[in-house]
$ cat work_9.cif   # mmCIF, C-alpha atoms
data_input
loop_
_atom_site.group_PDB
_atom_site.id
_atom_site.type_symbol
_atom_site.label_atom_id
_atom_site.label_comp_id
_atom_site.auth_asym_id
_atom_site.auth_seq_id
_atom_site.Cartn_x
_atom_site.Cartn_y
_atom_site.Cartn_z
ATOM 1 C CA MET A 30 -123.855 -40.674 138.072
ATOM 2 C CA SER A 31 -122.926 -39.178 134.712
ATOM 3 C CA TYR A 32 -124.596 -35.981 133.596
ATOM 4 C CA ASN A 33 -126.725 -37.743 130.993
ATOM 5 C CA ARG A 34 -127.858 -40.405 133.386
ATOM 6 C CA GLU A 35 -128.779 -37.886 136.020
ATOM 7 C CA LEU A 36 -130.639 -35.760 133.495
ATOM 8 C CA ALA A 37 -132.553 -38.789 132.168
ATOM 9 C CA PHE A 38 -133.444 -39.780 135.717
ATOM 10 C CA ASN A 39 -134.785 -36.330 136.577
ATOM 11 C CA LEU A 40 -136.679 -35.948 133.321
ATOM 12 C CA ARG A 41 -138.388 -39.286 133.912
ATOM 13 C CA ILE A 42 -139.357 -38.214 137.394
ATOM 14 C CA ARG A 43 -141.034 -35.205 135.799
ATOM 15 C CA GLY A 44 -143.063 -37.596 133.694
ATOM 16 C CA LEU A 45 -141.578 -36.892 130.273
ATOM 17 C CA SER A 46 -142.061 -39.678 127.774
ATOM 18 C CA GLU A 47 -139.106 -41.865 126.834
ATOM 19 C CA GLU A 48 -139.042 -40.202 123.447
ATOM 20 C CA GLU A 49 -138.815 -36.745 124.973
ATOM 21 C CA VAL A 50 -136.140 -37.886 127.412
ATOM 22 C CA SER A 51 -134.094 -39.386 124.641
ATOM 23 C CA GLU A 52 -134.480 -36.304 122.448
ATOM 24 C CA THR A 53 -133.410 -34.025 125.250
ATOM 25 C CA LEU A 54 -130.309 -36.140 125.812
ATOM 26 C CA ASP A 55 -129.547 -36.130 122.088
ATOM 27 C CA GLU A 56 -129.800 -32.365 122.120
ATOM 28 C CA VAL A 57 -127.430 -32.057 125.045
ATOM 29 C CA ARG A 58 -124.953 -34.382 123.363
ATOM 30 C CA ALA A 59 -125.138 -32.584 120.017
ATOM 31 C CA HIS A 60 -124.671 -29.245 121.744
ATOM 32 C CA GLU A 61 -121.757 -30.565 123.753
ATOM 33 C CA SER A 62 -120.015 -31.805 120.645
ATOM 34 C CA ALA A 63 -120.690 -28.515 118.798
ATOM 35 C CA THR A 64 -119.427 -26.225 121.561
ATOM 36 C CA GLY A 65 -116.746 -28.493 122.944
ATOM 37 C CA SER A 66 -117.736 -27.472 126.441
ATOM 38 C CA ALA A 67 -119.026 -29.693 129.213
ATOM 39 C CA ALA A 68 -122.766 -30.210 129.472
ATOM 40 C CA GLU A 69 -122.837 -28.869 133.005
ATOM 41 C CA ASP A 70 -121.306 -25.556 131.906
ATOM 42 C CA GLU A 71 -123.891 -25.077 129.171
ATOM 43 C CA PHE A 72 -126.967 -26.523 130.809
ATOM 44 C CA GLY A 73 -126.321 -26.117 134.507
ATOM 45 C CA PRO A 74 -126.761 -28.970 137.005
ATOM 46 C CA ALA A 75 -128.822 -31.818 135.530
ATOM 47 C CA LYS A 76 -131.439 -31.603 138.236
ATOM 48 C CA GLU A 77 -132.000 -27.893 137.635
ATOM 49 C CA TYR A 78 -132.015 -28.262 133.878
ATOM 50 C CA ALA A 79 -134.724 -30.899 134.145
ATOM 51 C CA THR A 80 -136.965 -28.420 135.949
ATOM 52 C CA GLN A 81 -136.995 -26.295 132.777
ATOM 53 C CA PHE A 82 -139.315 -28.860 131.242
ATOM 54 C CA PRO A 83 -142.952 -28.703 132.252
ATOM 55 C CA LYS A 84 -144.166 -31.649 134.275
ATOM 56 C CA ALA A 85 -146.183 -33.991 132.123
ATOM 57 C CA LYS A 86 -149.533 -35.009 133.424
ATOM 58 C CA GLN A 87 -149.550 -38.735 133.650
ATOM 59 C CA ARG A 88 -152.693 -40.595 133.042
ATOM 60 C CA SER A 89 -152.560 -44.301 132.448
ATOM 61 C CA ARG A 90 -155.202 -46.213 130.562
ATOM 62 C CA GLY A 91 -156.199 -47.846 133.843
ATOM 63 C CA ALA A 92 -156.858 -44.492 135.486
ATOM 64 C CA MET A 93 -158.951 -43.512 132.505
ATOM 65 C CA ILE A 94 -161.133 -46.628 132.777
ATOM 66 C CA ALA A 95 -161.587 -46.068 136.510
ATOM 67 C CA THR A 96 -162.567 -42.457 135.827
ATOM 68 C CA VAL A 97 -165.128 -43.511 133.244
ATOM 69 C CA GLY A 98 -166.584 -46.029 135.745
ATOM 70 C CA ALA A 99 -166.844 -43.357 138.420
ATOM 71 C CA ALA A 100 -168.447 -40.928 135.967
ATOM 72 C CA LEU A 101 -171.036 -43.547 134.992
ATOM 73 C CA ALA A 102 -171.788 -44.203 138.668
ATOM 74 C CA VAL A 103 -172.316 -40.498 139.289
ATOM 75 C CA ALA A 104 -174.484 -40.247 136.182
ATOM 76 C CA TYR A 105 -176.580 -43.178 137.391
ATOM 77 C CA VAL A 106 -177.128 -41.533 140.752
ATOM 78 C CA ALA A 107 -178.010 -38.232 139.107
ATOM 79 C CA VAL A 108 -180.471 -39.777 136.668
ATOM 80 C CA GLY A 109 -181.922 -42.542 138.835
ATOM 81 C CA LEU A 110 -182.235 -40.760 142.148
ATOM 82 C CA VAL A 111 -182.684 -37.132 141.158
ATOM 83 C CA ILE A 112 -184.176 -36.817 137.687
ATOM 84 C CA LEU A 113 -186.427 -39.908 137.423
ATOM 85 C CA PRO A 114 -188.281 -39.313 140.746
ATOM 86 C CA PHE A 115 -189.158 -35.867 139.389
ATOM 87 C CA MET A 116 -190.734 -37.544 136.389
ATOM 88 C CA GLY A 117 -192.658 -39.899 138.636
ATOM 89 C CA VAL A 118 -190.578 -42.938 137.773
ATOM 90 C CA ASP A 119 -189.302 -45.137 140.580
ATOM 91 C CA ILE A 120 -185.910 -46.570 139.714
ATOM 92 C CA ARG A 121 -186.536 -49.445 142.129
ATOM 93 C CA ASP A 122 -189.031 -50.839 139.637
ATOM 94 C CA PHE A 123 -186.088 -51.560 137.364
ATOM 95 C CA VAL A 124 -183.160 -52.360 139.636
ATOM 96 C CA GLY A 125 -184.806 -53.828 142.696
ATOM 97 C CA PRO A 126 -184.792 -52.513 146.255
ATOM 98 C CA LEU A 127 -181.036 -51.832 146.429
ATOM 99 C CA GLU A 128 -181.151 -48.717 144.314
ATOM 100 C CA LEU A 129 -177.513 -47.711 144.918
ATOM 101 C CA LEU A 130 -176.130 -51.123 144.009
ATOM 102 C CA PRO A 131 -175.703 -50.387 140.270
ATOM 103 C CA ALA A 132 -173.710 -47.245 141.126
ATOM 104 C CA LEU A 133 -171.521 -49.284 143.428
ATOM 105 C CA VAL A 134 -171.024 -51.931 140.765
ATOM 106 C CA LEU A 135 -170.106 -49.293 138.143
ATOM 107 C CA GLY A 136 -167.674 -47.557 140.468
ATOM 108 C CA LEU A 137 -165.967 -50.699 141.739
ATOM 109 C CA GLY A 138 -166.077 -52.290 138.305
ATOM 110 C CA GLY A 139 -164.270 -49.261 136.890
ATOM 111 C CA VAL A 140 -161.549 -49.471 139.510
ATOM 112 C CA LEU A 141 -161.106 -53.221 139.017
ATOM 113 C CA ALA A 142 -161.157 -53.010 135.229
ATOM 114 C CA GLY A 143 -158.782 -50.076 135.476
ATOM 115 C CA PHE A 144 -156.226 -52.168 137.296
ATOM 116 C CA LEU A 145 -156.264 -54.885 134.680
ATOM 117 C CA PRO A 146 -154.474 -53.114 131.812
ATOM 118 C CA THR A 147 -151.850 -51.761 134.177
ATOM 119 C CA THR A 148 -151.240 -55.076 135.876
ATOM 120 C CA PHE A 149 -151.324 -56.989 132.636
ATOM 121 C CA GLY A 150 -149.064 -54.361 131.094
ATOM 122 C CA ARG A 151 -146.501 -54.733 133.868
ATOM 123 C CA PHE A 152 -146.603 -58.483 133.537
ATOM 124 C CA HIS A 153 -146.180 -58.113 129.796
ATOM 125 C CA ALA A 154 -143.268 -55.744 130.249
ATOM 126 C CA HIS A 155 -141.631 -58.157 132.618
ATOM 127 C CA THR A 156 -141.775 -61.004 130.143
ATOM 128 C CA GLY A 157 -141.208 -58.897 127.019
ATOM 129 C CA ASP A 158 -139.271 -60.882 124.422
ATOM 130 C CA ALA A 159 -136.517 -58.341 123.870
ATOM 131 C CA GLY A 160 -136.376 -57.357 127.501
ATOM 132 C CA PRO A 161 -133.272 -57.945 129.566
ATOM 133 C CA ALA A 162 -133.262 -59.728 132.878
ATOM 134 C CA ALA A 163 -133.018 -56.460 134.785
ATOM 135 C CA SER A 164 -136.649 -55.578 135.059
ATOM 136 C CA PRO A 165 -137.927 -52.226 133.864
ATOM 137 C CA ALA A 166 -141.197 -53.204 135.488
ATOM 138 C CA ALA A 167 -139.441 -53.027 138.834
ATOM 139 C CA VAL A 168 -138.178 -49.552 138.023
ATOM 140 C CA SER A 169 -141.625 -48.653 136.832
ATOM 141 C CA ALA A 170 -143.100 -49.878 140.075
ATOM 142 C CA LEU A 171 -140.531 -47.879 141.989
ATOM 143 C CA PHE A 172 -141.703 -44.649 140.395
ATOM 144 C CA GLY A 173 -145.322 -45.613 140.303
ATOM 145 C CA ASN A 174 -145.727 -44.745 136.658
ATOM 146 C CA ASP A 175 -145.653 -46.493 133.357
ATOM 147 C CA GLN A 176 -143.001 -44.458 131.674
ATOM 148 C CA PHE A 177 -140.653 -47.355 131.196
ATOM 149 C CA PRO A 178 -141.301 -49.250 128.002
ATOM 150 C CA GLY A 179 -140.897 -52.927 128.368
ATOM 151 C CA THR A 180 -138.306 -53.694 125.792
ATOM 152 C CA CYS A 181 -135.531 -51.408 126.917
ATOM 153 C CA SER A 182 -133.331 -51.709 129.933
ATOM 154 C CA GLY A 183 -132.355 -48.714 132.003
ATOM 155 C CA ARG A 184 -128.968 -49.154 130.432
ATOM 156 C CA ALA A 185 -130.425 -48.521 127.004
ATOM 157 C CA HIS A 186 -131.471 -45.046 128.035
ATOM 158 C CA GLY A 187 -128.569 -44.295 130.274
ATOM 159 C CA PHE A 188 -126.820 -43.069 127.166
ATOM 160 C CA ASP A 189 -123.340 -44.067 127.945
ATOM 161 C CA HIS A 190 -122.635 -45.099 124.422
ATOM 162 C CA GLY A 191 -119.072 -45.398 123.373
ATOM 163 C CA PRO A 192 -117.719 -43.355 120.491
ATOM 164 C CA GLY A 193 -118.637 -46.001 117.938
ATOM 165 C CA PRO A 194 -121.645 -45.952 115.629
ATOM 166 C CA GLN A 195 -124.899 -45.862 117.493
ATOM 167 C CA PRO A 196 -127.557 -48.292 116.442
ATOM 168 C CA ARG A 197 -130.973 -46.876 115.792
ATOM 169 C CA GLY A 198 -134.295 -48.546 116.016
ATOM 170 C CA ARG A 199 -137.747 -48.268 117.356
ATOM 171 C CA ILE A 200 -138.428 -49.323 120.859
ATOM 172 C CA GLY A 201 -141.427 -51.472 121.546
ATOM 173 C CA PHE A 202 -144.304 -50.485 123.712
ATOM 174 C CA ARG A 203 -146.197 -52.817 125.894
ATOM 175 C CA ALA A 204 -149.925 -53.124 126.076
ATOM 176 C CA GLY A 205 -151.491 -50.480 128.221
ATOM 177 C CA ALA A 206 -148.797 -47.885 127.674
ATOM 178 C CA ARG A 207 -150.142 -44.548 126.591
ATOM 179 C CA PRO A 208 -149.386 -43.545 123.008
ATOM 180 C CA LEU A 209 -146.464 -41.245 122.378
ATOM 181 C CA ARG A 210 -147.160 -37.599 122.116
ATOM 182 C CA ARG A 211 -146.146 -36.073 118.820
ATOM 183 C CA VAL A 212 -142.900 -34.273 119.388
ATOM 184 C CA GLY A 213 -142.096 -33.071 115.949
ATOM 185 C CA ARG A 214 -141.477 -34.156 112.410
ATOM 186 C CA HIS A 215 -139.079 -37.024 112.196
ATOM 187 C CA ARG A 216 -136.998 -38.482 109.512
ATOM 188 C CA THR A 217 -135.955 -41.316 111.725
ATOM 189 C CA PRO A 218 -137.010 -42.378 115.152
ATOM 190 C CA SER A 219 -134.617 -40.895 117.605
ATOM 191 C CA VAL A 220 -135.044 -43.479 120.298
ATOM 192 C CA ARG A 221 -132.197 -45.853 120.357
ATOM 193 C CA ILE A 222 -131.669 -49.347 121.510
ATOM 194 C CA ALA A 223 -128.340 -50.212 122.967
ATOM 195 C CA ASP A 224 -126.602 -52.983 121.109
ATOM 196 C CA ASP A 225 -125.307 -54.650 124.173
ATOM 197 C CA HIS A 226 -128.223 -56.554 125.559
ATOM 198 C CA MET B 16 -124.117 1.588 143.720
ATOM 199 C CA GLY B 17 -124.952 -1.472 141.633
ATOM 200 C CA GLU B 18 -125.794 -0.755 138.050
ATOM 201 C CA ILE B 19 -128.583 -2.656 136.409
ATOM 202 C CA ASP B 20 -127.457 -4.887 133.580
ATOM 203 C CA TRP B 21 -129.964 -3.590 131.036
ATOM 204 C CA GLN B 22 -128.484 -5.708 128.301
ATOM 205 C CA GLN B 23 -129.159 -8.864 130.244
ATOM 206 C CA GLU B 24 -132.656 -7.799 131.246
ATOM 207 C CA LEU B 25 -133.580 -7.065 127.640
ATOM 208 C CA ASN B 26 -131.912 -10.197 126.286
ATOM 209 C CA ARG B 27 -134.141 -12.315 128.405
ATOM 210 C CA ALA B 28 -137.301 -10.565 127.241
ATOM 211 C CA ALA B 29 -136.275 -10.473 123.592
ATOM 212 C CA LEU B 30 -134.940 -14.001 123.209
ATOM 213 C CA PRO B 31 -138.123 -15.683 121.896
ATOM 214 C CA HIS B 32 -138.560 -12.841 119.416
ATOM 215 C CA ALA B 33 -134.905 -13.106 118.396
ATOM 216 C CA VAL B 34 -135.060 -16.882 117.920
ATOM 217 C CA LEU B 35 -138.130 -16.578 115.704
ATOM 218 C CA ALA B 36 -136.334 -13.867 113.745
ATOM 219 C CA VAL B 37 -133.240 -16.038 113.222
ATOM 220 C CA LEU B 38 -135.389 -18.918 111.982
ATOM 221 C CA SER B 39 -137.330 -16.622 109.652
ATOM 222 C CA ASN B 40 -134.097 -16.308 107.657
ATOM 223 C CA GLY B 41 -133.835 -20.058 107.180
ATOM 224 C CA GLU B 42 -133.644 -23.235 109.197
ATOM 225 C CA SER B 43 -130.934 -23.601 111.750
ATOM 226 C CA HIS B 44 -129.776 -25.744 114.656
ATOM 227 C CA GLY B 45 -129.354 -24.802 118.293
ATOM 228 C CA TYR B 46 -125.675 -23.990 118.370
ATOM 229 C CA ALA B 47 -125.860 -22.004 115.123
ATOM 230 C CA ILE B 48 -128.746 -19.960 116.543
ATOM 231 C CA ILE B 49 -126.662 -19.064 119.587
ATOM 232 C CA GLU B 50 -123.689 -18.083 117.438
ATOM 233 C CA PHE B 51 -125.860 -16.013 115.107
ATOM 234 C CA LEU B 52 -127.425 -14.147 118.018
ATOM 235 C CA LYS B 53 -124.003 -13.512 119.495
ATOM 236 C CA SER B 54 -122.685 -12.101 116.233
ATOM 237 C CA HIS B 55 -125.656 -9.725 116.223
ATOM 238 C CA GLY B 56 -125.033 -8.184 119.591
ATOM 239 C CA PHE B 57 -126.897 -10.567 121.851
ATOM 240 C CA ALA B 58 -125.217 -11.828 124.986
ATOM 241 C CA ARG B 59 -124.219 -15.456 124.510
ATOM 242 C CA SER B 60 -127.178 -17.657 125.429
ATOM 243 C CA LYS B 61 -126.503 -20.975 127.021
ATOM 244 C CA GLY B 62 -127.899 -24.260 125.830
ATOM 245 C CA GLY B 63 -129.833 -24.530 129.066
ATOM 246 C CA THR B 64 -131.780 -21.421 128.084
ATOM 247 C CA LEU B 65 -132.171 -21.964 124.374
ATOM 248 C CA TYR B 66 -133.349 -25.566 124.137
ATOM 249 C CA PRO B 67 -136.214 -25.331 126.616
ATOM 250 C CA LEU B 68 -137.284 -22.164 124.788
ATOM 251 C CA LEU B 69 -137.211 -23.980 121.451
ATOM 252 C CA LYS B 70 -139.253 -26.776 122.955
ATOM 253 C CA ARG B 71 -141.790 -24.286 124.240
ATOM 254 C CA LEU B 72 -142.012 -22.624 120.827
ATOM 255 C CA GLU B 73 -142.429 -26.050 119.304
ATOM 256 C CA ASP B 74 -145.233 -26.944 121.717
ATOM 257 C CA GLN B 75 -146.922 -23.709 120.702
ATOM 258 C CA GLY B 76 -146.653 -24.721 117.053
ATOM 259 C CA LEU B 77 -144.336 -21.849 116.117
ATOM 260 C CA VAL B 78 -141.295 -23.914 115.179
ATOM 261 C CA GLU B 79 -140.796 -27.446 113.924
ATOM 262 C CA TYR B 80 -137.731 -29.562 113.409
ATOM 263 C CA GLU B 81 -136.178 -32.427 111.569
ATOM 264 C CA TRP B 82 -133.312 -34.561 112.701
ATOM 265 C CA GLN B 83 -130.206 -33.903 110.743
ATOM 266 C CA HIS B 84 -127.511 -36.531 110.649
ATOM 267 C CA VAL B 85 -124.022 -35.238 110.380
ATOM 268 C CA GLU B 86 -120.938 -37.171 109.386
ATOM 269 C CA ALA B 87 -119.082 -36.697 112.626
ATOM 270 C CA GLY B 88 -120.895 -36.334 115.895
ATOM 271 C CA PRO B 89 -124.423 -36.957 117.084
ATOM 272 C CA ALA B 90 -127.558 -36.081 115.128
ATOM 273 C CA ARG B 91 -128.999 -32.662 115.765
ATOM 274 C CA LYS B 92 -132.307 -30.959 115.377
ATOM 275 C CA GLN B 93 -132.700 -28.592 112.482
ATOM 276 C CA PHE B 94 -135.348 -26.054 113.442
ATOM 277 C CA SER B 95 -137.523 -24.043 111.093
ATOM 278 C CA LEU B 96 -140.347 -21.568 111.433
ATOM 279 C CA THR B 97 -143.951 -22.612 110.837
ATOM 280 C CA GLU B 98 -146.504 -20.377 109.196
ATOM 281 C CA GLN B 99 -147.908 -19.618 112.618
ATOM 282 C CA GLY B 100 -144.387 -18.772 113.755
ATOM 283 C CA ARG B 101 -144.122 -16.170 111.005
ATOM 284 C CA VAL B 102 -147.351 -14.580 112.141
ATOM 285 C CA GLU B 103 -146.119 -14.539 115.747
ATOM 286 C CA LEU B 104 -142.845 -12.961 114.678
ATOM 287 C CA GLN B 105 -144.766 -10.090 113.094
ATOM 288 C CA ARG B 106 -146.811 -9.697 116.248
ATOM 289 C CA ALA B 107 -143.634 -9.716 118.339
ATOM 290 C CA ALA B 108 -142.096 -7.043 116.129
ATOM 291 C CA ALA B 109 -145.225 -4.910 116.441
ATOM 292 C CA ALA B 110 -145.259 -5.310 120.229
ATOM 293 C CA TRP B 111 -141.604 -4.333 120.419
ATOM 294 C CA ARG B 112 -142.164 -1.218 118.308
ATOM 295 C CA GLN B 113 -145.098 -0.264 120.439
ATOM 296 C CA MET B 114 -143.060 -0.706 123.610
ATOM 297 C CA ASP B 115 -140.313 1.466 122.145
ATOM 298 C CA GLU B 116 -142.811 4.205 121.276
ATOM 299 C CA SER B 117 -144.401 3.998 124.714
ATOM 300 C CA LEU B 118 -141.034 4.358 126.406
ATOM 301 C CA ALA B 119 -140.099 7.288 124.185
ATOM 302 C CA GLY B 120 -143.427 8.928 124.949
ATOM 303 C CA ILE B 121 -143.018 8.415 128.682
ATOM 304 C CA ARG B 122 -139.501 9.820 128.675
ATOM 305 C CA ALA B 123 -140.456 12.859 126.603
ATOM 306 C CA ASN B 124 -143.625 13.976 128.344
ATOM 307 C CA ARG B 125 -143.802 15.527 131.716
ATOM 308 C CA GLN B 126 -146.261 13.770 133.915
ATOM 309 C CA GLU B 127 -149.452 15.735 134.295
ATOM 310 C CA ARG B 128 -150.275 16.279 137.918
ATOM 311 C CA GLN B 129 -153.809 16.597 139.040
#

$ encode --input "work_9.cif" --output "structure tokens"
Amino acid sequence: MSYNRELAFNLRIRGLSEEEVSETLDEVRAHESATGSAAEDEFGPAKEYATQFPKAKQRSRGAMIATVGAALAVAYVAVGLVILPFMGVDIRDFVGPLELLPALVLGLGGVLAGFLPTTFGRFHAHTGDAGPAASPAAVSALFGNDQFPGTCSGRAHGFDHGPGPQPRGRIGFRAGARPLRRVGRHRTPSVRIADDH
Amino acid sequence: MGEIDWQQELNRAALPHAVLAVLSNGESHGYAIIEFLKSHGFARSKGGTLYPLLKRLEDQGLVEYEWQHVEAGPARKQFSLTEQGRVELQRAAAAWRQMDESLAGIRANRQERQ
């Protein structure tokens, strides 16, 4: 595995966004070309260099929906079974004899609804119009995260470009992917699409 | 026996301060920062030290960057200091002065025994 590939792999494992991964690789490449020395001499082993970057907390949209559902369920229990009885109101007058059922519905509903964007997103990524046959969704599934945008192959971010001009462009993001974190001021997007797929 | 490499110990502690100071004199890119530090008596920092530091400073809002496209070779980040970075540089300078005074005071005064 080339240095860049190994670095990209380890940065992704740490949960960095594709934009951050690609910027880090750009930096390494620019530094390499400025110093004329090998990346490993300047940055140390790829795996160790990756640990210099703080692990990103990953939270998919699905997890967020599930969390909201769970919070609503807890709120229902708190209000319906703790606060209302104090005020002399019986929640069973409103929801029937199964007083915990609404909490169950909220909780389960959150989990189910939470799975939908993720599942739909994966499906979308798999059938993305610009996507290559090699499935990023499979890679995504392998790592259990949604860090792999649907329209780029692993090859596109392996950064084994030849010496020729490198095409630039914006990569697409599938539904359900979390928005990119701001990484700095940009004149151009730094994420590249390989020209060979 | 083994001597302590004071230079190295201090380099590590002073690097964020030094990077802010370099950028306060104008925007610069990673390699140029390293070369500038080296020409001013710092031990040569490696890319593996400098870039994560720059990223940390950026996350803290002290530096920002733009991509600069050069004729030959890959694009590089051109870093500059933010207003907040300037304020932090002044605070760093004050902290360093205070540390220097403390050390001088400790060296000069005999410890009072009780």

$ closest_atom_pairs --input "work_9.cif" --of "chain B" --to "chain A" --cutoff "12 Å" --atoms "all atoms listed in the file" --output "tab-separated table"
residue	atom	partner	partner_atom	distance
B:His44	CA	A:His60	CA	9.4
B:Gly45	CA	A:His60	CA	7.3
B:Tyr46	CA	A:His60	CA	6.3
B:Ala47	CA	A:Ala63	CA	9.1
B:Ile48	CA	A:His60	CA	11.4
B:Ile49	CA	A:Thr64	CA	10.4
B:Glu50	CA	A:Thr64	CA	10.1
B:Arg59	CA	A:Glu71	CA	10.7
B:Ser60	CA	A:Glu71	CA	8.9
B:Lys61	CA	A:Glu71	CA	5.3
B:Gly62	CA	A:Glu71	CA	5.3
B:Gly63	CA	A:Phe72	CA	3.9
B:Thr64	CA	A:Phe72	CA	7.5
B:Leu65	CA	A:Phe72	CA	9.4
B:Tyr66	CA	A:Glu56	CA	7.9
B:Pro67	CA	A:Gln81	CA	6.3
B:Leu68	CA	A:Gln81	CA	9.0
B:Leu69	CA	A:Phe82	CA	11.1
B:Lys70	CA	A:Phe82	CA	8.5
B:Arg71	CA	A:Phe82	CA	8.7
B:Leu72	CA	A:Gly213	CA	11.5
B:Glu73	CA	A:Gly213	CA	7.8
B:Asp74	CA	A:Val212	CA	8.0
B:Gln75	CA	A:Val212	CA	11.4
B:Gly76	CA	A:Gly213	CA	9.6
B:Leu77	CA	A:Gly213	CA	11.4
B:Val78	CA	A:Gly213	CA	9.2
B:Glu79	CA	A:Gly213	CA	6.1
B:Tyr80	CA	A:Arg214	CA	6.0
B:Glu81	CA	A:His215	CA	5.5
B:Trp82	CA	A:Arg216	CA	6.3
B:Gln83	CA	A:Arg216	CA	8.3
B:His84	CA	A:Arg216	CA	9.8
B:Val85	CA	A:Ala59	CA	10.1
B:Glu86	CA	A:Pro194	CA	10.8
B:Ala87	CA	A:Ser62	CA	9.4
B:Gly88	CA	A:Ser62	CA	6.6
B:Pro89	CA	A:Ala59	CA	5.3
B:Ala90	CA	A:Ala59	CA	6.5
B:Arg91	CA	A:Ala59	CA	5.7
B:Lys92	CA	A:Glu56	CA	7.3
B:Gln93	CA	A:Arg214	CA	10.4
B:Phe94	CA	A:Gly213	CA	10.1
B:Ser95	CA	A:Arg214	CA	10.9
B:Thr97	CA	A:Gly213	CA	11.8

$ write_last_selection --input "work_9.cif" --atoms "C-alpha atoms" --output "PDB file, in the coordinates of the input"
ATOM      1  CA  HIS B  44    -129.776 -25.744 114.656  1.00  0.00           C
ATOM      2  CA  GLY B  45    -129.354 -24.802 118.293  1.00  0.00           C
ATOM      3  CA  TYR B  46    -125.675 -23.990 118.370  1.00  0.00           C
ATOM      4  CA  ALA B  47    -125.860 -22.004 115.123  1.00  0.00           C
ATOM      5  CA  ILE B  48    -128.746 -19.960 116.543  1.00  0.00           C
ATOM      6  CA  ILE B  49    -126.662 -19.064 119.587  1.00  0.00           C
ATOM      7  CA  GLU B  50    -123.689 -18.083 117.438  1.00  0.00           C
ATOM      8  CA  ARG B  59    -124.219 -15.456 124.510  1.00  0.00           C
ATOM      9  CA  SER B  60    -127.178 -17.657 125.429  1.00  0.00           C
ATOM     10  CA  LYS B  61    -126.503 -20.975 127.021  1.00  0.00           C
ATOM     11  CA  GLY B  62    -127.899 -24.260 125.830  1.00  0.00           C
ATOM     12  CA  GLY B  63    -129.833 -24.530 129.066  1.00  0.00           C
ATOM     13  CA  THR B  64    -131.780 -21.421 128.084  1.00  0.00           C
ATOM     14  CA  LEU B  65    -132.171 -21.964 124.374  1.00  0.00           C
ATOM     15  CA  TYR B  66    -133.349 -25.566 124.137  1.00  0.00           C
ATOM     16  CA  PRO B  67    -136.214 -25.331 126.616  1.00  0.00           C
ATOM     17  CA  LEU B  68    -137.284 -22.164 124.788  1.00  0.00           C
ATOM     18  CA  LEU B  69    -137.211 -23.980 121.451  1.00  0.00           C
ATOM     19  CA  LYS B  70    -139.253 -26.776 122.955  1.00  0.00           C
ATOM     20  CA  ARG B  71    -141.790 -24.286 124.240  1.00  0.00           C
ATOM     21  CA  LEU B  72    -142.012 -22.624 120.827  1.00  0.00           C
ATOM     22  CA  GLU B  73    -142.429 -26.050 119.304  1.00  0.00           C
ATOM     23  CA  ASP B  74    -145.233 -26.944 121.717  1.00  0.00           C
ATOM     24  CA  GLN B  75    -146.922 -23.709 120.702  1.00  0.00           C
ATOM     25  CA  GLY B  76    -146.653 -24.721 117.053  1.00  0.00           C
ATOM     26  CA  LEU B  77    -144.336 -21.849 116.117  1.00  0.00           C
ATOM     27  CA  VAL B  78    -141.295 -23.914 115.179  1.00  0.00           C
ATOM     28  CA  GLU B  79    -140.796 -27.446 113.924  1.00  0.00           C
ATOM     29  CA  TYR B  80    -137.731 -29.562 113.409  1.00  0.00           C
ATOM     30  CA  GLU B  81    -136.178 -32.427 111.569  1.00  0.00           C
ATOM     31  CA  TRP B  82    -133.312 -34.561 112.701  1.00  0.00           C
ATOM     32  CA  GLN B  83    -130.206 -33.903 110.743  1.00  0.00           C
ATOM     33  CA  HIS B  84    -127.511 -36.531 110.649  1.00  0.00           C
ATOM     34  CA  VAL B  85    -124.022 -35.238 110.380  1.00  0.00           C
ATOM     35  CA  GLU B  86    -120.938 -37.171 109.386  1.00  0.00           C
ATOM     36  CA  ALA B  87    -119.082 -36.697 112.626  1.00  0.00           C
ATOM     37  CA  GLY B  88    -120.895 -36.334 115.895  1.00  0.00           C
ATOM     38  CA  PRO B  89    -124.423 -36.957 117.084  1.00  0.00           C
ATOM     39  CA  ALA B  90    -127.558 -36.081 115.128  1.00  0.00           C
ATOM     40  CA  ARG B  91    -128.999 -32.662 115.765  1.00  0.00           C
ATOM     41  CA  LYS B  92    -132.307 -30.959 115.377  1.00  0.00           C
ATOM     42  CA  GLN B  93    -132.700 -28.592 112.482  1.00  0.00           C
ATOM     43  CA  PHE B  94    -135.348 -26.054 113.442  1.00  0.00           C
ATOM     44  CA  SER B  95    -137.523 -24.043 111.093  1.00  0.00           C
ATOM     45  CA  THR B  97    -143.951 -22.612 110.837  1.00  0.00           C
TER      46      THR B  97
END

$ residues_around --input "work_9.cif" --residues "Ala107 of chain B" --least-positions-apart "5" --cutoff "10 Å" --atoms "only C-alpha atoms" --output "NGL selection string"
:B and (29 or 31-33 or 35-36 or 101-102 or 112-113)

$ atom_distance --input "work_9.cif" --atom1 "atom CA of Met114 of chain B" --atom2 "atom CA of Leu38 of chain B"
22.9 Å

$ atom_distance --input "work_9.cif" --atom1 "atom CA of Gly65 of chain A" --atom2 "atom CA of Leu40 of chain A"
23.7 Å

$ atom_distance --input "work_9.cif" --atom1 "atom CA of Asp122 of chain A" --atom2 "atom CA of Leu101 of chain A"
20.0 Å

$ resolve_selection --input "work_9.cif" --expression "the PyMOL selection byres ((chain A and resi 129) around 10)" --output "VMD selection string"
chain A and resid 102 105 to 106 109 to 110 120 to 121 124 to 128 130 to 134

$ closest_residue --input "work_9.cif" --among "A:Asn33, A:Val108, A:Pro114, A:Asp119" --to "Ala67 of chain A" --atoms "all atoms listed in the file"
A:Asn33

$ residues_near_point --input "work_9.cif" --point "(-162.9, -47.1, 136.3)" --cutoff "9 Å" --atoms "all atoms listed in the file" --output "number ranges by chain"
A: 91-101, 135-144
